[in-house]
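Student: Here you go, one structure.
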Amino acid sequence: MESLPAEDALFTFLETLGIATKTVRHAPVFTVEEAQAARRGAEGGMPGWHTKNLFVRDKKKRRALVVAEESVKIDLRTLADHIGLGRVSFGSADSLRDMLGVEPGSVTAFGLFNARVPEGEEPSLTVAIDKTLLSGPVVNCHPLHNAATTAIAPDDLLKFIRACGYEPLIIDLS
């Protein structure tokens, strides 16, 4: 499978930040279970933490991207308290496309590349990361689509998020 133009632009941006990544291509995956099966079929596997990503909003239309370890159970009622929003629900597919430039099933921390904050402006999105993801050597995320998985060091993921103009909230979802 070949890379996509948006993916190429993302990887170029990461290179300019001095961030090394490794990408494994696989069939498109839409659930954690499908992603786990793709990992089992990947040559050499895909070690490290794997993410589950939620794009949510509250009644005031404040939005958040939540990046969690794939096995954590997330209760939307308590999530709102963790991220400082009112009661949350999932954001719409149109809002997801408009803000992060990705399709449902492809939500990823790397979507912030498409939502970079212009210098001097305030972010229109809260970014929250499960602290578990920062405890290992590698975090695995989709590179703007769900037919590949990209490994990145936790510190480099934080560097990427900050380079996009966001200061991530580190939250405990365990």
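Going by the structure tokens order, chains are called A, B, ..., each with residues numbered from 1, while ligands are numbered from 1 in the order shown.
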Find the spatial neighbours of Thr21 of chain A, counting only C-alpha atoms, within a cut-off of 12 Å - ignore same-chain residues fewer than 3 positions away - and output them as a ChimeraX atom specification.
Tutor: /A:10-15,17-18,24,138-143,149-154,156-157,160
Student: Could you write out the selected residues, including N, CA, C and O atoms, as a CSV table (one decimal), in the first residue's frame?
Tutor:
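New file out.csv:
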```csv
chain,number,residue,atom,x,y,z
A,10,LEU,N,2.3,15.1,6.6
A,10,LEU,CA,2.5,14.9,8.0
A,10,LEU,C,3.9,14.4,8.3
A,10,LEU,O,4.5,14.9,9.2
A,11,PHE,N,4.4,13.4,7.6
A,11,PHE,CA,5.7,12.9,7.8
A,11,PHE,C,6.8,13.9,7.6
A,11,PHE,O,7.8,14.0,8.3
A,12,THR,N,6.6,14.8,6.6
A,12,THR,CA,7.5,15.9,6.3
A,12,THR,C,7.6,16.8,7.5
A,12,THR,O,8.6,17.2,8.0
A,13,PHE,N,6.4,17.1,8.0
A,13,PHE,CA,6.3,18.0,9.2
A,13,PHE,C,7.0,17.4,10.4
A,13,PHE,O,7.8,18.0,11.1
A,14,LEU,N,6.8,16.1,10.6
A,14,LEU,CA,7.5,15.4,11.7
A,14,LEU,C,9.0,15.4,11.5
A,14,LEU,O,9.7,15.7,12.5
A,15,GLU,N,9.5,15.2,10.3
A,15,GLU,CA,10.9,15.3,10.0
A,15,GLU,C,11.5,16.6,10.3
A,15,GLU,O,12.6,16.7,10.9
A,17,LEU,N,10.6,18.6,12.6
A,17,LEU,CA,10.7,18.7,14.0
A,17,LEU,C,11.8,17.7,14.6
A,17,LEU,O,12.0,17.7,15.8
A,18,GLY,N,12.4,17.0,13.7
A,18,GLY,CA,13.4,16.0,14.2
A,18,GLY,C,12.8,14.8,14.9
A,18,GLY,O,13.5,14.2,15.7
A,24,VAL,N,3.7,1.0,9.8
A,24,VAL,CA,3.3,-0.3,9.3
A,24,VAL,C,2.0,-0.2,8.6
A,24,VAL,O,1.1,0.4,9.1
A,138,VAL,N,7.0,3.5,23.2
A,138,VAL,CA,6.4,3.8,21.9
A,138,VAL,C,4.9,4.0,22.0
A,138,VAL,O,4.2,3.2,22.8
A,139,VAL,N,4.3,4.9,21.3
A,139,VAL,CA,2.9,5.1,21.1
A,139,VAL,C,2.6,4.9,19.7
A,139,VAL,O,3.3,5.4,18.8
A,140,ASN,N,1.5,4.2,19.4
A,140,ASN,CA,1.1,3.9,18.0
A,140,ASN,C,-0.2,4.6,17.7
A,140,ASN,O,-1.2,4.4,18.4
A,141,CYS,N,-0.1,5.4,16.6
A,141,CYS,CA,-1.3,6.1,16.1
A,141,CYS,C,-1.5,6.0,14.6
A,141,CYS,O,-0.5,5.7,13.9
A,142,HIS,N,-2.7,6.2,14.2
A,142,HIS,CA,-2.9,6.2,12.7
A,142,HIS,C,-2.4,7.5,12.1
A,142,HIS,O,-2.6,8.6,12.7
A,143,PRO,N,-1.8,7.4,10.9
A,143,PRO,CA,-1.2,8.6,10.3
A,143,PRO,C,-2.3,9.3,9.3
A,143,PRO,O,-2.1,9.3,8.1
A,149,THR,N,-0.4,2.2,10.7
A,149,THR,CA,-0.1,2.6,12.1
A,149,THR,C,1.3,3.1,12.2
A,149,THR,O,2.2,2.5,11.7
A,150,THR,N,1.5,4.2,12.9
A,150,THR,CA,2.8,4.9,13.0
A,150,THR,C,3.2,4.9,14.5
A,150,THR,O,2.4,5.4,15.3
A,151,ALA,N,4.4,4.4,14.7
A,151,ALA,CA,5.0,4.4,16.1
A,151,ALA,C,5.8,5.7,16.3
A,151,ALA,O,6.5,6.1,15.4
A,152,ILE,N,5.6,6.3,17.5
A,152,ILE,CA,6.3,7.5,17.8
A,152,ILE,C,6.7,7.4,19.3
A,152,ILE,O,5.9,6.9,20.1
A,153,ALA,N,7.8,8.0,19.7
A,153,ALA,CA,8.2,8.0,21.1
A,153,ALA,C,7.2,9.0,21.8
A,153,ALA,O,6.8,10.0,21.3
A,154,PRO,N,6.8,8.7,23.1
A,154,PRO,CA,5.9,9.5,23.8
A,154,PRO,C,6.4,11.0,23.9
A,154,PRO,O,5.5,11.9,23.7
A,156,ASP,N,8.2,12.5,21.8
A,156,ASP,CA,8.0,13.1,20.5
A,156,ASP,C,6.6,13.4,20.1
A,156,ASP,O,6.2,14.4,19.5
A,157,LEU,N,5.7,12.6,20.7
A,157,LEU,CA,4.2,12.8,20.5
A,157,LEU,C,3.9,14.1,21.1
A,157,LEU,O,3.2,15.0,20.5
A,160,PHE,N,5.2,17.0,19.1
A,160,PHE,CA,4.4,17.2,17.9
A,160,PHE,C,3.1,18.0,18.3
A,160,PHE,O,2.8,19.0,17.6
```
Student: Given the choices A:Ile161, A:Ala115, A:Ile74, A:Val127, which gets closest to Arg62 of chain A if the distance is worked out from only C-alpha atoms?
Tutor: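 Using only C-alpha atoms, Arg62 of chain A sits closest to A:Val127.
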Student: Name the residues of segment 10-172 of chain A that fall into alpha helix (DSSP H) according to DSSP on the backbone, using the chain letters and numbers of this document, as a PyMOL selection string.
Tutor: chain A and resi 10-16+32-41+76-83+93-100+154-163
Student: Quick one: residues within 10 Å of Phe55 of chain A, only C-alpha atoms, excluding same-chain residues fewer than 5 positions away - as a PDB file with N, CA, C and O atoms, in the first residue's frame?
Tutor:
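Contents of the output file selection29.pdb:
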```pdb
ATOM      1  N   ARG A  63     -14.913  21.564  21.977  1.00  0.00           N
ATOM      2  CA  ARG A  63     -14.529  20.241  21.501  1.00  0.00           C
ATOM      3  C   ARG A  63     -13.217  19.784  22.133  1.00  0.00           C
ATOM      4  O   ARG A  63     -12.390  20.598  22.522  1.00  0.00           O
ATOM      5  N   ALA A  64     -13.066  18.469  22.154  1.00  0.00           N
ATOM      6  CA  ALA A  64     -11.841  17.885  22.701  1.00  0.00           C
ATOM      7  C   ALA A  64     -11.460  16.639  21.908  1.00  0.00           C
ATOM      8  O   ALA A  64     -12.319  15.915  21.409  1.00  0.00           O
ATOM      9  N   LEU A  65     -10.167  16.433  21.811  1.00  0.00           N
ATOM     10  CA  LEU A  65      -9.604  15.200  21.275  1.00  0.00           C
ATOM     11  C   LEU A  65      -8.991  14.480  22.465  1.00  0.00           C
ATOM     12  O   LEU A  65      -8.128  15.029  23.152  1.00  0.00           O
ATOM     13  N   VAL A  66      -9.454  13.266  22.725  1.00  0.00           N
ATOM     14  CA  VAL A  66      -8.958  12.467  23.834  1.00  0.00           C
ATOM     15  C   VAL A  66      -8.194  11.283  23.248  1.00  0.00           C
ATOM     16  O   VAL A  66      -8.730  10.528  22.439  1.00  0.00           O
ATOM     17  N   VAL A  67      -6.937  11.151  23.649  1.00  0.00           N
ATOM     18  CA  VAL A  67      -6.066  10.086  23.164  1.00  0.00           C
ATOM     19  C   VAL A  67      -5.789   9.171  24.361  1.00  0.00           C
ATOM     20  O   VAL A  67      -5.136   9.582  25.313  1.00  0.00           O
ATOM     21  N   VAL A  88     -20.366  15.610  27.893  1.00  0.00           N
ATOM     22  CA  VAL A  88     -19.894  15.454  26.519  1.00  0.00           C
ATOM     23  C   VAL A  88     -20.629  14.347  25.770  1.00  0.00           C
ATOM     24  O   VAL A  88     -21.148  13.406  26.369  1.00  0.00           O
ATOM     25  N   SER A  89     -20.631  14.507  24.464  1.00  0.00           N
ATOM     26  CA  SER A  89     -21.108  13.480  23.544  1.00  0.00           C
ATOM     27  C   SER A  89     -20.136  13.471  22.373  1.00  0.00           C
ATOM     28  O   SER A  89     -19.260  14.339  22.271  1.00  0.00           O
ATOM     29  N   PHE A  90     -20.280  12.506  21.507  1.00  0.00           N
ATOM     30  CA  PHE A  90     -19.367  12.432  20.373  1.00  0.00           C
ATOM     31  C   PHE A  90     -19.630  13.571  19.395  1.00  0.00           C
ATOM     32  O   PHE A  90     -20.773  13.930  19.142  1.00  0.00           O
ATOM     33  N   GLY A  91     -18.544  14.135  18.862  1.00  0.00           N
ATOM     34  CA  GLY A  91     -18.662  15.176  17.851  1.00  0.00           C
ATOM     35  C   GLY A  91     -19.162  14.579  16.542  1.00  0.00           C
ATOM     36  O   GLY A  91     -18.989  13.381  16.283  1.00  0.00           O
ATOM     37  N   SER A  92     -19.748  15.402  15.713  1.00  0.00           N
ATOM     38  CA  SER A  92     -20.293  14.919  14.443  1.00  0.00           C
ATOM     39  C   SER A  92     -19.178  14.605  13.451  1.00  0.00           C
ATOM     40  O   SER A  92     -18.060  15.111  13.555  1.00  0.00           O
ATOM     41  N   ALA A  93     -19.518  13.790  12.466  1.00  0.00           N
ATOM     42  CA  ALA A  93     -18.560  13.451  11.408  1.00  0.00           C
ATOM     43  C   ALA A  93     -18.148  14.709  10.646  1.00  0.00           C
ATOM     44  O   ALA A  93     -16.968  14.864  10.311  1.00  0.00           O
ATOM     45  N   SER A  95     -18.024  17.817  11.804  1.00  0.00           N
ATOM     46  CA  SER A  95     -17.149  18.594  12.674  1.00  0.00           C
ATOM     47  C   SER A  95     -15.757  17.960  12.734  1.00  0.00           C
ATOM     48  O   SER A  95     -14.745  18.660  12.702  1.00  0.00           O
ATOM     49  N   LEU A  96     -15.719  16.640  12.783  1.00  0.00           N
ATOM     50  CA  LEU A  96     -14.453  15.914  12.789  1.00  0.00           C
ATOM     51  C   LEU A  96     -13.661  16.212  11.517  1.00  0.00           C
ATOM     52  O   LEU A  96     -12.470  16.511  11.561  1.00  0.00           O
ATOM     53  N   MET A  99     -12.515  19.984  11.592  1.00  0.00           N
ATOM     54  CA  MET A  99     -11.481  20.345  12.566  1.00  0.00           C
ATOM     55  C   MET A  99     -10.185  19.569  12.383  1.00  0.00           C
ATOM     56  O   MET A  99      -9.112  20.152  12.441  1.00  0.00           O
ATOM     57  N   LEU A 100     -10.282  18.249  12.223  1.00  0.00           N
ATOM     58  CA  LEU A 100      -9.082  17.414  12.205  1.00  0.00           C
ATOM     59  C   LEU A 100      -8.739  16.867  10.817  1.00  0.00           C
ATOM     60  O   LEU A 100      -7.683  16.261  10.644  1.00  0.00           O
ATOM     61  N   PRO A 104     -14.429   9.541  10.229  1.00  0.00           N
ATOM     62  CA  PRO A 104     -14.744   8.674  11.362  1.00  0.00           C
ATOM     63  C   PRO A 104     -14.036   7.319  11.173  1.00  0.00           C
ATOM     64  O   PRO A 104     -13.941   6.814  10.066  1.00  0.00           O
ATOM     65  N   VAL A 107      -9.810   8.707  13.643  1.00  0.00           N
ATOM     66  CA  VAL A 107      -9.461   9.753  14.611  1.00  0.00           C
ATOM     67  C   VAL A 107      -8.098   9.419  15.195  1.00  0.00           C
ATOM     68  O   VAL A 107      -7.821   8.284  15.556  1.00  0.00           O
ATOM     69  N   THR A 108      -7.237  10.427  15.277  1.00  0.00           N
ATOM     70  CA  THR A 108      -5.861  10.224  15.681  1.00  0.00           C
ATOM     71  C   THR A 108      -5.268  11.512  16.227  1.00  0.00           C
ATOM     72  O   THR A 108      -5.683  12.611  15.823  1.00  0.00           O
ATOM     73  N   LEU A 125      -9.695  23.663  20.440  1.00  0.00           N
ATOM     74  CA  LEU A 125      -9.854  22.256  20.777  1.00  0.00           C
ATOM     75  C   LEU A 125      -9.008  21.960  22.013  1.00  0.00           C
ATOM     76  O   LEU A 125      -7.887  22.440  22.128  1.00  0.00           O
ATOM     77  N   THR A 126      -9.569  21.206  22.939  1.00  0.00           N
ATOM     78  CA  THR A 126      -8.801  20.715  24.073  1.00  0.00           C
ATOM     79  C   THR A 126      -8.195  19.378  23.673  1.00  0.00           C
ATOM     80  O   THR A 126      -8.877  18.550  23.071  1.00  0.00           O
ATOM     81  N   VAL A 127      -6.940  19.166  23.991  1.00  0.00           N
ATOM     82  CA  VAL A 127      -6.274  17.899  23.698  1.00  0.00           C
ATOM     83  C   VAL A 127      -5.905  17.259  25.025  1.00  0.00           C
ATOM     84  O   VAL A 127      -5.215  17.866  25.841  1.00  0.00           O
TER      85      VAL A 127
END
```
Student: Find the residues near Gly111 of chain A: any atom within 7 Å, counting only C-alpha atoms, skip ones fewer than 6 places away on the same chain, and give them as JSON, numbers by chain.
Tutor: {"A": [100, 101, 102, 144]}
Student: Which parts of segment 49-162 of chain A does DSSP call strand (DSSP E or B) when run on the backbone here, written out as a PyMOL selection string?
Tutor: chain A and resi 49-58+63-69+88-90+125-130+139-141+148-152
Student: Work out how far atom CA of Gly120 of chain A is from atom CA of Glu7 of chain A, in Å to one decimal.
Tutor: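 Interatomic distance, atom CA of Glu7 of chain A to atom CA of Gly120 of chain A: 26.5 Å.
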Student: Report the distance between atom CA of Ile19 of chain A and atom CA of Ile171 of chain A in Å, rounded to one decimal place.
Tutor: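 Computed distance, atom CA of Ile19 of chain A to atom CA of Ile171 of chain A, equals 23.7 Å.
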Student: Show which residues sit within 8 Å of Lys131 of chain A, as an MDAnalysis selection string. Count only C-alpha atoms, and ignore same-chain residues fewer than 4 positions away.
Tutor: chainID A and resid 135 170:173
Student: Please save C-alpha atoms of the selected residues as a PDB file, in the first residue's frame.
Tutor:
```
ATOM      1  CA  SER A 135       4.840   5.480  30.354  1.00  0.00           C
ATOM      2  CA  ILE A 170      -2.263  14.725  30.853  1.00  0.00           C
ATOM      3  CA  ILE A 171      -5.121  12.796  32.460  1.00  0.00           C
ATOM      4  CA  ASP A 172      -5.480   9.520  34.337  1.00  0.00           C
ATOM      5  CA  LEU A 173      -8.164   7.401  32.688  1.00  0.00           C
TER       6      LEU A 173
END
```
Student: Quick one, how far is atom CA of Ala38 of chain A from atom CA of His26 of chain A?
Tutor: 6.4 Å
Student: Considering only C-alpha atoms, can you say which of A:Arg77, A:Leu158, A:Cys164, A:Pro28 comes closest to Asn114 of chain A?
Tutor: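 Nearest to Asn114 of chain A: A:Cys164.
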Student: Ala35 of chain A: which residues within 10 Å, counting only C-alpha atoms, same-chain residues fewer than 5 positions away excluded, as a PDB file with N, CA and C atoms, in the first residue's frame?
Tutor:
```
ATOM      1  N   HIS A  26      -1.411  -1.709   6.756  1.00  0.00           N
ATOM      2  CA  HIS A  26      -2.313  -2.847   6.959  1.00  0.00           C
ATOM      3  C   HIS A  26      -3.661  -2.510   6.349  1.00  0.00           C
ATOM      4  N   ALA A  27      -4.552  -3.487   6.318  1.00  0.00           N
ATOM      5  CA  ALA A  27      -5.908  -3.234   5.837  1.00  0.00           C
ATOM      6  C   ALA A  27      -6.562  -2.191   6.743  1.00  0.00           C
ATOM      7  N   PRO A  28      -7.492  -1.395   6.223  1.00  0.00           N
ATOM      8  CA  PRO A  28      -8.184  -0.414   7.071  1.00  0.00           C
ATOM      9  C   PRO A  28      -8.834  -1.090   8.284  1.00  0.00           C
ATOM     10  N   VAL A  29      -8.709  -0.437   9.436  1.00  0.00           N
ATOM     11  CA  VAL A  29      -9.308  -0.939  10.672  1.00  0.00           C
ATOM     12  C   VAL A  29     -10.238   0.132  11.236  1.00  0.00           C
ATOM     13  N   PHE A  30     -11.355  -0.321  11.789  1.00  0.00           N
ATOM     14  CA  PHE A  30     -12.356   0.617  12.293  1.00  0.00           C
ATOM     15  C   PHE A  30     -12.634   0.452  13.780  1.00  0.00           C
ATOM     16  N   ARG A  40      -1.490  -8.544  14.972  1.00  0.00           N
ATOM     17  CA  ARG A  40      -1.081  -9.953  15.012  1.00  0.00           C
ATOM     18  C   ARG A  40      -0.568 -10.402  13.653  1.00  0.00           C
ATOM     19  N   GLY A  41      -1.109  -9.816  12.582  1.00  0.00           N
ATOM     20  CA  GLY A  41      -0.692 -10.195  11.236  1.00  0.00           C
ATOM     21  C   GLY A  41       0.505  -9.434  10.714  1.00  0.00           C
ATOM     22  N   HIS A  50      -1.029   1.253  22.136  1.00  0.00           N
ATOM     23  CA  HIS A  50      -1.874   1.567  20.994  1.00  0.00           C
ATOM     24  C   HIS A  50      -3.021   2.445  21.476  1.00  0.00           C
ATOM     25  N   THR A  51      -3.447   3.355  20.618  1.00  0.00           N
ATOM     26  CA  THR A  51      -4.401   4.371  21.051  1.00  0.00           C
ATOM     27  C   THR A  51      -5.832   4.092  20.632  1.00  0.00           C
ATOM     28  N   GLU A  70      -5.677   1.919  24.290  1.00  0.00           N
ATOM     29  CA  GLU A  70      -6.802   1.243  23.639  1.00  0.00           C
ATOM     30  C   GLU A  70      -7.695   0.417  24.551  1.00  0.00           C
ATOM     31  N   ASN A 146      -6.849   5.086   8.483  1.00  0.00           N
ATOM     32  CA  ASN A 146      -6.825   3.871   9.292  1.00  0.00           C
ATOM     33  C   ASN A 146      -6.255   2.651   8.569  1.00  0.00           C
ATOM     34  N   ALA A 147      -5.446   2.860   7.548  1.00  0.00           N
ATOM     35  CA  ALA A 147      -4.817   1.754   6.828  1.00  0.00           C
ATOM     36  C   ALA A 147      -3.317   1.687   7.106  1.00  0.00           C
ATOM     37  N   ALA A 148      -2.906   2.267   8.202  1.00  0.00           N
ATOM     38  CA  ALA A 148      -1.504   2.216   8.624  1.00  0.00           C
ATOM     39  C   ALA A 148      -1.452   2.596  10.103  1.00  0.00           C
ATOM     40  N   THR A 149      -0.362   2.221  10.736  1.00  0.00           N
ATOM     41  CA  THR A 149      -0.117   2.576  12.133  1.00  0.00           C
ATOM     42  C   THR A 149       1.311   3.093  12.230  1.00  0.00           C
TER      43      THR A 149
END
```
Student: Have a look at A:Ala9, A:Ala80, A:Leu85, A:Ala20 and name the one nearest to Lys60 of chain A; count only C-alpha atoms.
Tutor: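 So, comparing all the options, the nearest one is A:Leu85.
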Student: Nearest to Pro123 of chain A among A:Asp8, A:Asp155, A:Glu167, A:Glu33, with distances taken over only C-alpha atoms: which residue is it?
Tutor: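 For Pro123 of chain A, the nearest of the candidates is A:Glu167.
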